[in-house]
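Accompanying notes for the structure given below.
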Amino acid sequence: MGEPLCWLLTVVVFVFLLSWPIVAYDSDVWRHLSAGREIWTKGIPSSTFFSFLEPARPWTDYHWLFQAVVYGAHSTAGYPGLVLLRALLHLAFMGALLSFLFRRPLRAPAGYLAAVYLLFLFAFLPRSLVIRPHMLTYLFIVLFLHAIESRKRLLGLPVLAVLWYNAHGVSYPAMFAILAAYAAEEIWERRREYIGGERKDLIRNERPLHSGRLGLLCLSAVLLTPYGAGLLTLPFLPLSHTQGFIQESVPARLSDFFAFHFHGSFPPRTLLNLILLLAAGSALASAAGGKKRLSHWLLLLAGALMLSRGSRLLYEFCLLALPILRENPLWTGPVAEKSAGRLRAAAFGAAVTLAAAQLWAQFQPRPAYPWSRRYLPQGVAAFLDRVPPGAKILNFPVTGAYLSWALYPRHRIASDLNIWHAFTPKDLLDIRSAFASPEGLGRMVERYRPDFISAPLEGRHLPALLSRFPDYSLVFFDDADALYADRRKHPDLVRDWSPGADPFDPASFDPDSPKNRPASPGTPPKWLSRMIEVDPHSSATRLMAAQSLSRQGILDGALAQTQAAAADYPELPSVRWAQGDALLALGRYRDAASELRRGLRRAEESSRAPIRRSLALAQLGLGDAPAAYAELSAAVDMD
């Protein structure tokens, strides 16, 4: 698989990205949208404008340029605009990577370079599914390496440095590591020449680098940011207070580098470890072959040092290993020449098969397009949008990005974890304690008296915690959060919006409970109808409504509720199961079996037994008793 086929695969991935929705793998994109809106309307923010914490915390918005671009794309074309922007950023990064690896003259066989490229393509692909400024950082790293290694377009590097500082300024140490590595190499070579030592042609280009001038220009580019030299300290702020929320900020452990797994496809961490293993082999080949480049070894050292700032910098480490990977291949020309044609064909076939498996694993199952509401408190935000302005919402920091985007300037939240450096360790400790202990929540309530508390449904302990504060009552929930209102400030909301179900355990919904009786025949309970009217995109309330209508014998209505949930969350096995049961009740056995099989493929092993039992009934309805028996047997084995 040479360069042309690598480009073809790159285009295929680009097309896949164009068809893949925006999904909240993390909530950073909404933080960038919120800040971008503020930039376009009021200018670059200097404090936490979205937070009710007093006083407002100073905020160095070190990626304001990226945020302005993201908001511009969204305001122009909505979520499809973000999909296009994401795909273009990925294409630019992978195109630069391909150009670097296959730069003439080639230092390795095309097959080896293609294998290296495939590792990078699929290791970095998950990082291209989220819209974050690291996508530009990866691109800038490759462009810097490309320009310096080829000694071309060096005068463009200060311009790139300006863009880098303003788009993702906190990542500038990677730029400095590159400049310092090549400057050190240049100084070493000049010193050897000066003292009369035998000079080896280690730098294969006669054009001078002028690393000192280049480094000074790139360093001075920080003055062309809104924060000047004040930006330089940001990458070195302590991160220990964020590690309870942000897994990426936890330093890499030695055991992580020995994790190699394969389950039909390679997980990203395995691919990254394979890259590092290959880089270690290239380093040994460099030492053994006498082709040592000081700059390449220093780049590896810089990448290793970065890992102390969090495991997320493993990606930067792999990119800094690119020069040594390209210049010191483990698969050399003579080896390639001796390889039999059948062996090369087998390697090519294996590469194509693995590439197809990686694509299938990454892009299945497909969520709703162009954006998925899964993991987001969008129903809570829709409810709060109906509340008179000026409310203070105590939120779990992980949901802050979406809530600030959806609610500001109408309401203010407590914090957004994505802006970790704007909040002090005490801020994050106080907010974390508020969702962990009565004492912590009591302190926040006493100081700020929030109008609402938005509690994540993942916190099974939260109902017991909030019951210690009877002034706060449950008024709304969606698939991500439950909303509690202060009955002293909002007595009408508490009176009129008390749900008849426990959002922390949707399976506890009882259609026969007095509170869950329909207001009129053929309708869900009144409270449930009102919640669906406010938030038609919650799978939990849709499936509760389906249960209520099914119990009343309104089977078409129950099916309509499950179909609405499936339109919003086609990837959820619970939704497919509910839709299959609704079709089963209508006697549409073939359609029911199709939906139940979809749910079965997407369900975890531990939750497949009830889906198999429903599928067995559908098979019986189709007259296929052996298939029904097989499904029942599998379900019994699971139980």
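Please note that chains go A, B, ... in the order of the structure tokens, that every chain numbers its residues from 1, and that ligands are numbered from 1 in the order shown.
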### Task
Among the residues of region 467-615 of chain A, find those DSSP assigns to helix (DSSP H, G or I) from the backbone and print them as a count of residues only.
85
### Task
Determine, counting only C-alpha atoms, which protein, DNA and RNA residues have an atom within 7 Å of an atom of region 27-32 of chain A; residues of the same chain fewer than 5 positions away are not included. Present the result as a PyMOL selection string.
chain A and resi 67+70+131-132+401-402+405+418
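For region 486-489 of chain A, the list of residues within 9 Å, based on only C-alpha atoms and with local chain neighbours fewer than 4 positions off taken out, reads Arg449, Pro450, Asp451, Phe452, Ile453, Pro470, Asp471, Tyr472, Ser473, Leu493, Val494 and Arg495 of chain A.
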### Message
I'd like the neighbourhood of region 222-231 of chain A as JSON, numbers by chain, where a residue qualifies if any of its atoms comes within 12 Å (using only C-alpha atoms), though same-chain residues fewer than 6 positions away should be ignored.
### Response
{"A": [43, 44, 45, 46, 59, 60, 61, 62, 63, 64, 65, 158, 159, 160, 161, 162, 163, 164, 165, 166, 167, 168, 169, 170, 171, 172, 173, 175, 176, 215, 216, 237, 421]}
### Query
Would you give me, as a ChimeraX atom specification, the residues in region 447-630 of chain A that DSSP reads as strand (DSSP E or B)?
/A:452-456,472-477,481-486
Only N, CA, C and O atoms, please: the residues just picked out, written as a compact mmCIF listing (two decimals), in the first residue's frame.
```txt
# COMPACT_ATOMS: atom_id res chain seq x y z
N PHE A 452 -31.78 26.54 41.02
CA PHE A 452 -31.93 25.16 40.57
C PHE A 452 -30.64 24.39 40.78
O PHE A 452 -29.55 24.97 40.78
N ILE A 453 -30.81 23.09 40.95
CA ILE A 453 -29.67 22.17 41.00
C ILE A 453 -29.89 21.15 39.89
O ILE A 453 -30.91 20.47 39.83
N SER A 454 -28.91 21.06 38.99
CA SER A 454 -28.97 20.10 37.89
C SER A 454 -28.04 18.94 38.23
O SER A 454 -26.82 19.09 38.23
N ALA A 455 -28.65 17.79 38.53
CA ALA A 455 -27.89 16.65 39.05
C ALA A 455 -27.76 15.57 37.99
O ALA A 455 -28.75 15.16 37.39
N PRO A 456 -26.54 15.08 37.72
CA PRO A 456 -26.35 14.04 36.70
C PRO A 456 -26.97 12.72 37.13
O PRO A 456 -26.82 12.30 38.28
N TYR A 472 -35.46 21.85 48.05
CA TYR A 472 -35.26 21.56 46.64
C TYR A 472 -36.06 20.32 46.25
O TYR A 472 -35.91 19.26 46.87
N SER A 473 -36.91 20.48 45.24
CA SER A 473 -37.77 19.39 44.79
C SER A 473 -37.57 19.13 43.30
O SER A 473 -37.31 20.05 42.52
N LEU A 474 -37.74 17.87 42.92
CA LEU A 474 -37.60 17.46 41.53
C LEU A 474 -38.72 18.06 40.70
O LEU A 474 -39.90 17.93 41.04
N VAL A 475 -38.36 18.72 39.58
CA VAL A 475 -39.36 19.32 38.71
C VAL A 475 -39.24 18.85 37.26
O VAL A 475 -40.21 18.99 36.48
N PHE A 476 -38.08 18.29 36.86
CA PHE A 476 -37.91 17.91 35.47
C PHE A 476 -36.72 16.97 35.36
O PHE A 476 -35.85 16.96 36.23
N PHE A 477 -36.70 16.21 34.28
CA PHE A 477 -35.51 15.39 33.99
C PHE A 477 -35.50 15.07 32.50
O PHE A 477 -36.50 15.13 31.80
N ASP A 481 -29.71 14.58 33.02
CA ASP A 481 -29.77 15.27 34.30
C ASP A 481 -31.18 15.28 34.87
O ASP A 481 -32.17 15.17 34.13
N ALA A 482 -31.24 15.45 36.19
CA ALA A 482 -32.50 15.71 36.89
C ALA A 482 -32.42 17.11 37.48
O ALA A 482 -31.39 17.51 38.03
N LEU A 483 -33.51 17.87 37.35
CA LEU A 483 -33.51 19.27 37.77
C LEU A 483 -34.34 19.44 39.03
O LEU A 483 -35.51 19.03 39.08
N TYR A 484 -33.73 20.05 40.04
CA TYR A 484 -34.40 20.33 41.32
C TYR A 484 -34.55 21.84 41.46
O TYR A 484 -33.60 22.59 41.20
N ALA A 485 -35.74 22.29 41.88
CA ALA A 485 -36.02 23.72 42.02
C ALA A 485 -36.17 24.08 43.49
O ALA A 485 -36.67 23.28 44.30
N ASP A 486 -35.78 25.30 43.83
CA ASP A 486 -35.95 25.85 45.18
C ASP A 486 -37.42 26.22 45.34
O ASP A 486 -37.91 27.15 44.70
```
#### Entry: Counting only C-alpha atoms, the option among A:Ala519, A:Ile178, A:Ser437, A:Glu446 closest to Ser467 (chain A)
A:Ser437
### Task
Kindly indicate which residue among A:Leu543, A:Ala114, A:Leu586, A:Ala480 lies nearest to Ala507 (chain A), using only C-alpha atoms for the distances.
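Of A:Leu543, A:Ala114, A:Leu586, A:Ala480, the one nearest Ala507 (chain A) is A:Leu543, counting only C-alpha atoms.
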### Query
Any idea what's packed within 10 Å of His537 (chain A), counting only C-alpha atoms, ignoring anything in its chain fewer than 5 positions away? Could you give it as a list in words?
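My list of contacting residues is Arg373, Arg374, Gln378, Gly379, Asp478, Asp479, Ile532, Arg542, Ala564, Ala565, Ala566, Ala567, Asp568 and Tyr569 of chain A.
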Restricting it to C-alpha atoms, dump the selection as a PDB file, in the first residue's frame.
```pdb
ATOM      1  CA  ARG A 373     -28.418  14.866  21.905  1.00  0.00           C
ATOM      2  CA  ARG A 374     -27.117  11.870  23.818  1.00  0.00           C
ATOM      3  CA  GLN A 378     -30.843  19.362  26.504  1.00  0.00           C
ATOM      4  CA  GLY A 379     -34.261  18.738  28.091  1.00  0.00           C
ATOM      5  CA  ASP A 478     -34.123  14.250  30.654  1.00  0.00           C
ATOM      6  CA  ASP A 479     -31.727  11.453  29.706  1.00  0.00           C
ATOM      7  CA  ILE A 532     -42.635  15.505  26.240  1.00  0.00           C
ATOM      8  CA  ARG A 542     -40.894   8.592  25.344  1.00  0.00           C
ATOM      9  CA  ALA A 564     -39.864   9.013  17.974  1.00  0.00           C
ATOM     10  CA  ALA A 565     -37.228   7.810  20.442  1.00  0.00           C
ATOM     11  CA  ALA A 566     -35.541   5.719  17.717  1.00  0.00           C
ATOM     12  CA  ALA A 567     -35.356   8.753  15.424  1.00  0.00           C
ATOM     13  CA  ASP A 568     -33.360  10.633  18.068  1.00  0.00           C
ATOM     14  CA  TYR A 569     -31.301   7.703  19.376  1.00  0.00           C
TER      15      TYR A 569
END
```
### Task
May I ask for the distance between CA of Pro397 (chain A) and CA of Arg460 (chain A), given in Å to one decimal place?
16.9 Å
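Taking CA of Gly2 (chain A) as the reference point, CA of Phe120 (chain A) is found at 15.0 Å.
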### Message
Can you tell me which residues surround region 19-23 of chain A at a distance of at most 12 Å, considering only C-alpha atoms, apart from same-chain residues fewer than 4 positions away, and format the answer as a PyMOL selection string?
### Response
chain A and resi 12-15+27-30+74+78-87+126+128-132+359+362-376+568-569+571
### Message
Using only C-alpha atoms for the distances, tell me which of A:Cys6, A:Leu632, A:Leu145, A:Ala280 is nearest to Ala355 (chain A).
### Response
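Going through A:Cys6, A:Leu632, A:Leu145, A:Ala280 one by one, the smallest distance to Ala355 (chain A) is for A:Cys6.
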### Interatomic distance (Å, one decimal) between CA of Ser295 (chain A) and CA of Tyr182 (chain A)
5.0 Å
### Message
Calculated over only C-alpha atoms, which of the candidates A:Ala464, A:Gln358, A:Gly442, A:Ser51 has the smallest distance to Asn395 (chain A)?
### Response
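Nearest candidate to Asn395 (chain A) out of A:Ala464, A:Gln358, A:Gly442, A:Ser51: A:Ser51.
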### Query
Of the candidates A:Phe258, A:Phe140, A:Ala123, A:Leu8, which shows the shortest atom-to-atom distance to Leu277 (chain A), using only C-alpha atoms?
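Closest to Leu277 (chain A) of all the choices is A:Phe258.
Each of A:Leu325, A:Ala285, A:Leu600, A:Leu622 was compared to Leu584 (chain A) using only C-alpha atoms, and A:Leu622 turns out to be the nearest.
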